[in-house]
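Text of input.pdb (PDB, C-alpha atoms) as supplied:
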ATOM      1  CA  MET F   1     119.280-184.122 118.446
ATOM      2  CA  ASP F   2     115.794-184.638 116.976
ATOM      3  CA  ASN F   3     113.324-184.977 119.848
ATOM      4  CA  ARG F   4     110.211-184.967 117.705
ATOM      5  CA  ILE F   5     107.578-187.693 118.126
ATOM      6  CA  ARG F   6     108.248-190.413 115.562
ATOM      7  CA  ILE F   7     105.054-191.535 113.837
ATOM      8  CA  VAL F   8     104.135-194.276 111.379
ATOM      9  CA  LEU F   9     100.827-194.012 109.510
ATOM     10  CA  ALA F  10      98.788-196.903 108.086
ATOM     11  CA  ASP F  11      95.690-196.487 105.910
ATOM     12  CA  ASP F  12      94.678-198.214 102.693
ATOM     13  CA  HIS F  13      92.664-195.256 101.332
ATOM     14  CA  PRO F  14      94.987-192.881  99.391
ATOM     15  CA  VAL F  15      92.862-189.739  99.857
ATOM     16  CA  ILE F  16      92.427-190.306 103.607
ATOM     17  CA  ARG F  17      96.096-191.173 104.005
ATOM     18  CA  LEU F  18      97.161-187.954 102.271
ATOM     19  CA  GLY F  19      94.802-185.964 104.477
ATOM     20  CA  ILE F  20      96.249-187.484 107.642
ATOM     21  CA  GLU F  21      99.789-186.934 106.383
ATOM     22  CA  ALA F  22      98.954-183.251 105.815
ATOM     23  CA  THR F  23      97.570-182.985 109.347
ATOM     24  CA  LEU F  24     100.695-184.581 110.816
ATOM     25  CA  ASP F  25     102.961-182.321 108.737
ATOM     26  CA  ASP F  26     101.328-179.321 110.426
ATOM     27  CA  ILE F  27     102.365-180.536 113.896
ATOM     28  CA  PRO F  28     105.881-179.180 114.637
ATOM     29  CA  SER F  29     106.567-181.769 117.349
ATOM     30  CA  VAL F  30     105.965-184.690 114.967
ATOM     31  CA  ARG F  31     108.163-186.483 112.428
ATOM     32  CA  LEU F  32     106.425-188.847 110.016
ATOM     33  CA  ILE F  33     108.667-191.895 109.566
ATOM     34  CA  GLY F  34     106.631-193.481 106.792
ATOM     35  CA  SER F  35     103.228-194.656 105.570
ATOM     36  CA  ALA F  36     101.826-198.128 104.917
ATOM     37  CA  VAL F  37      98.802-199.387 102.994
ATOM     38  CA  ASP F  38      98.450-202.761 104.733
ATOM     39  CA  SER F  39      99.751-204.725 107.709
ATOM     40  CA  THR F  40     102.607-206.263 105.711
ATOM     41  CA  GLN F  41     104.077-202.848 104.914
ATOM     42  CA  LEU F  42     103.288-201.639 108.422
ATOM     43  CA  VAL F  43     105.242-204.363 110.214
ATOM     44  CA  SER F  44     108.168-203.892 107.805
ATOM     45  CA  LEU F  45     108.235-200.181 108.644
ATOM     46  CA  LEU F  46     108.028-200.771 112.398
ATOM     47  CA  ASP F  47     110.779-203.387 112.245
ATOM     48  CA  ALA F  48     113.057-201.077 110.259
ATOM     49  CA  HIS F  49     112.524-197.757 112.072
ATOM     50  CA  PRO F  50     112.193-196.802 115.752
ATOM     51  CA  CYS F  51     108.686-195.398 116.262
ATOM     52  CA  ASP F  52     106.828-193.775 119.156
ATOM     53  CA  VAL F  53     103.253-193.614 117.865
ATOM     54  CA  LEU F  54     101.259-195.545 115.280
ATOM     55  CA  VAL F  55      98.254-193.915 113.624
ATOM     56  CA  THR F  56      96.239-196.596 111.844
ATOM     57  CA  ASP F  57      92.876-197.257 110.261
ATOM     58  CA  TYR F  58      90.881-200.024 111.959
ATOM     59  CA  ALA F  59      89.796-201.781 108.746
ATOM     60  CA  MET F  60      92.779-202.367 106.469
ATOM     61  CA  PRO F  61      92.410-205.778 104.776
ATOM     62  CA  GLY F  62      94.861-207.611 102.583
ATOM     63  CA  GLY F  63      98.034-207.700 104.653
ATOM     64  CA  ARG F  64      99.902-210.687 106.040
ATOM     65  CA  TYR F  65      99.101-209.780 109.645
ATOM     66  CA  GLY F  66      95.390-209.097 109.213
ATOM     67  CA  ASP F  67      93.610-205.971 110.399
ATOM     68  CA  GLY F  68      91.217-204.866 113.112
ATOM     69  CA  LEU F  69      91.513-206.574 116.475
ATOM     70  CA  GLU F  70      93.756-209.274 115.064
ATOM     71  CA  LEU F  71      96.339-206.711 113.963
ATOM     72  CA  VAL F  72      96.077-204.631 117.140
ATOM     73  CA  SER F  73      96.640-207.707 119.287
ATOM     74  CA  TYR F  74      99.648-208.703 117.162
ATOM     75  CA  LEU F  75     101.179-205.216 117.376
ATOM     76  CA  ARG F  76     100.641-205.027 121.137
ATOM     77  CA  ASP F  77     102.519-208.294 121.548
ATOM     78  CA  ARG F  78     105.347-207.471 119.114
ATOM     79  CA  TYR F  79     105.878-203.788 120.026
ATOM     80  CA  PRO F  80     104.780-203.400 123.667
ATOM     81  CA  GLU F  81     106.094-199.821 123.975
ATOM     82  CA  LEU F  82     104.338-198.554 120.835
ATOM     83  CA  GLN F  83     101.467-196.114 121.416
ATOM     84  CA  ILE F  84      98.522-196.858 119.114
ATOM     85  CA  ILE F  85      95.925-194.421 117.766
ATOM     86  CA  ILE F  86      93.008-196.038 115.923
ATOM     87  CA  ILE F  87      90.946-194.107 113.372
ATOM     88  CA  THR F  88      87.622-195.744 112.522
ATOM     89  CA  SER F  89      84.284-195.134 110.834
ATOM     90  CA  MET F  90      82.617-197.839 112.961
ATOM     91  CA  ASP F  91      80.462-196.517 115.776
ATOM     92  CA  LYS F  92      79.597-199.664 117.700
ATOM     93  CA  THR F  93      80.185-199.611 121.437
ATOM     94  CA  VAL F  94      81.372-203.215 121.293
ATOM     95  CA  LEU F  95      84.242-202.119 119.039
ATOM     96  CA  ILE F  96      85.324-199.421 121.474
ATOM     97  CA  ARG F  97      85.202-201.902 124.356
ATOM     98  CA  SER F  98      87.246-204.401 122.366
ATOM     99  CA  LEU F  99      89.898-201.874 121.341
ATOM    100  CA  LEU F 100      90.291-200.766 124.946
ATOM    101  CA  ALA F 101      90.583-204.391 126.033
ATOM    102  CA  CYS F 102      93.337-204.860 123.452
ATOM    103  CA  GLY F 103      95.271-201.915 124.883
ATOM    104  CA  VAL F 104      94.642-199.172 122.307
ATOM    105  CA  ASP F 105      95.702-195.750 123.602
ATOM    106  CA  ALA F 106      93.455-193.422 121.555
ATOM    107  CA  ILE F 107      90.426-193.806 119.293
ATOM    108  CA  LEU F 108      89.284-191.215 116.767
ATOM    109  CA  SER F 109      86.044-191.330 114.794
ATOM    110  CA  LYS F 110      86.175-190.423 111.105
ATOM    111  CA  ALA F 111      82.954-188.499 111.775
ATOM    112  CA  ASP F 112      84.961-186.023 113.883
ATOM    113  CA  ASP F 113      87.309-183.316 112.663
ATOM    114  CA  MET F 114      90.867-184.559 112.104
ATOM    115  CA  VAL F 115      92.071-181.665 114.262
ATOM    116  CA  HIS F 116      91.701-184.108 117.156
ATOM    117  CA  LEU F 117      94.671-186.054 115.839
ATOM    118  CA  ARG F 118      97.053-183.414 117.214
ATOM    119  CA  SER F 119      95.599-183.782 120.714
ATOM    120  CA  ALA F 120      95.616-187.573 120.430
ATOM    121  CA  VAL F 121      99.302-187.678 119.482
ATOM    122  CA  GLN F 122     100.301-185.435 122.378
ATOM    123  CA  ALA F 123      98.144-187.416 124.823
ATOM    124  CA  VAL F 124      99.407-190.903 123.965
ATOM    125  CA  HIS F 125     103.005-189.709 123.861
ATOM    126  CA  SER F 126     102.467-188.592 127.469
ATOM    127  CA  LYS F 127     100.956-192.023 128.300
ATOM    128  CA  ARG F 128      97.409-190.681 128.459
ATOM    129  CA  LYS F 129      94.257-191.903 126.711
ATOM    130  CA  TYR F 130      92.397-189.787 124.159
ATOM    131  CA  PHE F 131      88.999-190.148 122.494
ATOM    132  CA  SER F 132      87.416-187.856 119.916
ATOM    133  CA  PRO F 133      83.947-186.415 120.719
ATOM    134  CA  ARG F 134      81.963-189.111 118.886
ATOM    135  CA  ILE F 135      83.870-191.872 120.661
ATOM    136  CA  THR F 136      83.456-190.129 124.013
ATOM    137  CA  GLN F 137      79.705-189.951 123.402
ATOM    138  CA  LEU F 138      79.583-193.688 122.702
ATOM    139  CA  MET F 139      81.524-194.437 125.870
ATOM    140  CA  LYS F 140      79.142-192.357 127.972
ATOM    141  CA  SER F 141      76.153-194.234 126.555
ATOM    142  CA  ALA F 142      77.716-197.576 127.496
ATOM    143  CA  PRO F 143      80.302-197.089 130.261
ATOM    144  CA  PHE F 144      83.327-199.360 130.278
ATOM    145  CA  THR F 145      84.401-200.841 133.557
ATOM    146  CA  ASN F 146      87.088-203.277 132.415
ATOM    147  CA  SER F 147      90.712-202.160 132.496
ATOM    148  CA  SER F 148      92.317-205.449 131.462
ATOM    149  CA  ARG F 149      93.677-206.181 128.028
ATOM    150  CA  LEU F 150      92.819-209.204 125.947
ATOM    151  CA  SER F 151      95.895-211.324 125.498
ATOM    152  CA  PRO F 152      96.781-212.589 122.005
ATOM    153  CA  ARG F 153      95.924-216.113 123.190
ATOM    154  CA  GLU F 154      92.502-215.038 124.458
ATOM    155  CA  LEU F 155      91.709-213.372 121.146
ATOM    156  CA  GLU F 156      92.925-216.474 119.289
ATOM    157  CA  VAL F 157      90.600-218.701 121.332
ATOM    158  CA  ILE F 158      87.606-216.411 120.753
ATOM    159  CA  LYS F 159      88.212-216.299 117.002
ATOM    160  CA  LEU F 160      88.437-220.078 116.732
ATOM    161  CA  TYR F 161      85.381-220.601 118.918
ATOM    162  CA  VAL F 162      83.111-218.259 116.968
ATOM    163  CA  GLY F 163      84.512-219.754 113.778
ATOM    164  CA  GLY F 164      82.919-223.064 114.728
ATOM    165  CA  THR F 165      85.705-224.926 116.530
ATOM    166  CA  SER F 166      84.742-226.659 119.771
ATOM    167  CA  ILE F 167      86.639-226.203 123.022
ATOM    168  CA  ASN F 168      88.096-229.690 122.580
ATOM    169  CA  GLY F 169      89.023-228.875 118.985
ATOM    170  CA  ILE F 170      90.728-225.637 119.986
ATOM    171  CA  ALA F 171      92.674-227.423 122.714
ATOM    172  CA  GLU F 172      93.878-230.016 120.228
ATOM    173  CA  ARG F 173      94.735-227.445 117.573
ATOM    174  CA  LEU F 174      96.645-225.149 119.935
ATOM    175  CA  GLN F 175      98.119-227.982 121.988
ATOM    176  CA  ARG F 176      96.752-226.676 125.256
ATOM    177  CA  SER F 177      94.571-228.364 127.833
ATOM    178  CA  LYS F 178      90.780-228.152 127.616
ATOM    179  CA  GLN F 179      90.772-226.402 130.994
ATOM    180  CA  THR F 180      93.232-223.764 129.759
ATOM    181  CA  ILE F 181      91.111-223.041 126.675
ATOM    182  CA  SER F 182      87.935-222.775 128.760
ATOM    183  CA  THR F 183      89.652-220.420 131.201
ATOM    184  CA  GLN F 184      90.930-218.197 128.373
ATOM    185  CA  LYS F 185      87.470-218.057 126.783
ATOM    186  CA  VAL F 186      85.798-217.119 130.073
ATOM    187  CA  SER F 187      88.490-214.524 130.825
ATOM    188  CA  ALA F 188      88.110-212.880 127.398
ATOM    189  CA  MET F 189      84.315-212.737 127.722
ATOM    190  CA  ARG F 190      84.605-211.165 131.176
ATOM    191  CA  LYS F 191      86.980-208.458 129.917
ATOM    192  CA  LEU F 192      84.596-207.674 127.049
ATOM    193  CA  GLY F 193      81.550-207.547 129.303
ATOM    194  CA  ILE F 194      79.919-210.514 127.555
ATOM    195  CA  ASP F 195      77.883-212.939 129.678
ATOM    196  CA  ASN F 196      76.823-215.709 127.267
ATOM    197  CA  ASP F 197      77.662-217.405 123.989
ATOM    198  CA  ALA F 198      74.753-215.758 122.143
ATOM    199  CA  ASP F 199      76.183-212.300 122.858
ATOM    200  CA  LEU F 200      79.655-213.581 122.015
ATOM    201  CA  PHE F 201      78.549-214.649 118.536
ATOM    202  CA  LYS F 202      76.739-211.326 118.042
ATOM    203  CA  TYR F 203      79.894-209.499 119.078
ATOM    204  CA  ALA F 204      82.005-211.559 116.688
ATOM    205  CA  THR F 205      79.658-210.890 113.777
ATOM    206  CA  GLU F 206      79.670-207.138 114.392
ATOM    207  CA  LEU F 207      83.482-207.019 114.430
ATOM    208  CA  GLY F 208      84.059-209.499 111.614
ATOM    209  CA  LEU F 209      85.874-212.001 113.802
ATOM    210  CA  ALA F 210      83.751-214.901 112.594
ATOM    211  CA  GLN F 211      84.824-214.206 109.026
ATOM    212  CA  GLN F 212      88.490-213.918 110.070
ATOM    213  CA  ALA F 213      88.542-217.168 112.008
TER     214      ALA F 213
END
Hey, can you dump this file as structure tokens for me?
Amino acid sequence: MDNRIRIVLADDHPVIRLGIEATLDDIPSVRLIGSAVDSTQLVSLLDAHPCDVLVTDYAMPGGRYGDGLELVSYLRDRYPELQIIIITSMDKTVLIRSLLACGVDAILSKADDMVHLRSAVQAVHSKRKYFSPRITQLMKSAPFTNSSRLSPRELEVIKLYVGGTSINGIAERLQRSKQTISTQKVSAMRKLGIDNDADLFKYATELGLAQQA
């Protein structure tokens, strides 16, 4: 019986993807199930093959299911048992806070040595969090106190709101009450540590949510 950790990799940069594949191949406890270049291929792979851990780039545009926070939220909802490792070149504390709120298990900075991937895989497979040194440094500079995850509906409301849709408009579009939409907006902002709409729009701009909405 093969007890190795089953991994799917997603990255749209061929050179980076090959480098990560080589790193994973050097880990005896790991079996690479397959690689994807966008979210369309990724979801097809995850639907077709049982998987324990996903290693994915944060920015991976072009797929049917989006990328970034939109994709993470979708994957969390569709595959609740999947452990997710994000690899990113972004070094904004708001991104780290958002990924944690969406339930990401490990975050690795592309500025750090890829040797940390081995530790990240072992950690998330044991239901532990893992952050590479650069990410850890960012977290220390802006401590995170929230432990709740953004729900897909909360993220949907935030995206529509920063995209210019009013609370009433969102309620009509999503066929929910105005009170429900307001509650979901307030809840999402609280989880992200955001106190006002000005900071919410700044947050959305930094993460590209306004463009995605």
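Of the listed residues (F:Arg76, F:Arg17, F:His125, F:Arg97), F:Arg97 comes nearest to F:Lys191; the distances count all atoms listed in the file.
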Q: Take the PyMOL selection byres ((chain F and resi 16) around 12), apply it to the structure above, and return the hits as a ChimeraX atom specification.
A: /F:9-15,17-23,35,37,56-57,87-89,110,114
**Q.** Residue neighbourhood F:Leu24, 12 Å, only C-alpha atoms, exclusion window fewer than 5 positions, as a PyMOL selection string
**A.** chain F and resi 4-9+17-19+29-35+53-55+114-122
Q: Quote the spacing between atom CA of F:Ser151 and atom CA of F:Ala111 in Å to one decimal place.
A: 29.6 Å
**Q.** Ground truth for the PyMOL selection byres ((chain F and resi 79-84) around 9), written as a PyMOL selection string
**A.** chain F and resi 46+51-56+72+74-78+85-86+103-107+121+124-125+127
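One distance worth recording is that between atom CA of F:Arg134 and atom CA of F:Asp112, which is 6.6 Å.
Counting only C-alpha atoms, the residue from F:Asn3, F:Ser177, F:Leu155, F:Ala171 that sits nearest to F:Leu192 is F:Leu155.
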Q. Where does the PyMOL selection byres ((chain F and resi 150) around 9) land in this file, that is, which residues does it pick, as a VMD selection string?
A. chain F and resid 73 98 100 to 103 148 to 149 151 to 155 187 to 188 191 to 192
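When atom CA of F:Val162 is paired with atom CA of F:Asn196, their separation reads 12.3 Å.
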Q) Within 8 Å of F:Tyr65, counting all atoms listed in the file, which residues qualify if same-chain residues fewer than 2 places away don't, as a PyMOL selection string? A) chain F and resi 39-40+63+67+70-71+74
Q. With distances taken over all atoms listed in the file, which of F:Leu99, F:Ile158, F:Ala198, F:Pro61 is nearest to F:Val186?
A. F:Ile158
Q) Which neighbours of F:Leu95 fall inside 9 Å, counting all atoms listed in the file, when residues of the same chain fewer than 3 positions from it are skipped, and could you give them as an NGL selection string? A) :F and (69 or 90-92 or 98-100 or 203 or 206-207)
Could you take the residues named above and write them with C-alpha atoms, as a compact mmCIF listing (two decimals), keeping the file's coordinate frame?
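File written: part.txt
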# COMPACT_ATOMS: atom_id res chain seq x y z
CA LEU F 69 91.51 -206.57 116.48
CA MET F 90 82.62 -197.84 112.96
CA ASP F 91 80.46 -196.52 115.78
CA LYS F 92 79.60 -199.66 117.70
CA SER F 98 87.25 -204.40 122.37
CA LEU F 99 89.90 -201.87 121.34
CA LEU F 100 90.29 -200.77 124.95
CA TYR F 203 79.89 -209.50 119.08
CA GLU F 206 79.67 -207.14 114.39
CA LEU F 207 83.48 -207.02 114.43
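For the residues F:Ile27, F:Ile170, F:Met60, F:Ile96, ranking by smallest atom-to-atom distance to F:Ser141 using only C-alpha atoms places F:Ile96 first.
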(Q) I'd like to know which of F:Arg173, F:Val94, F:His49, F:Gln41 is closest to F:Ile135, using only C-alpha atoms. (A) F:Val94
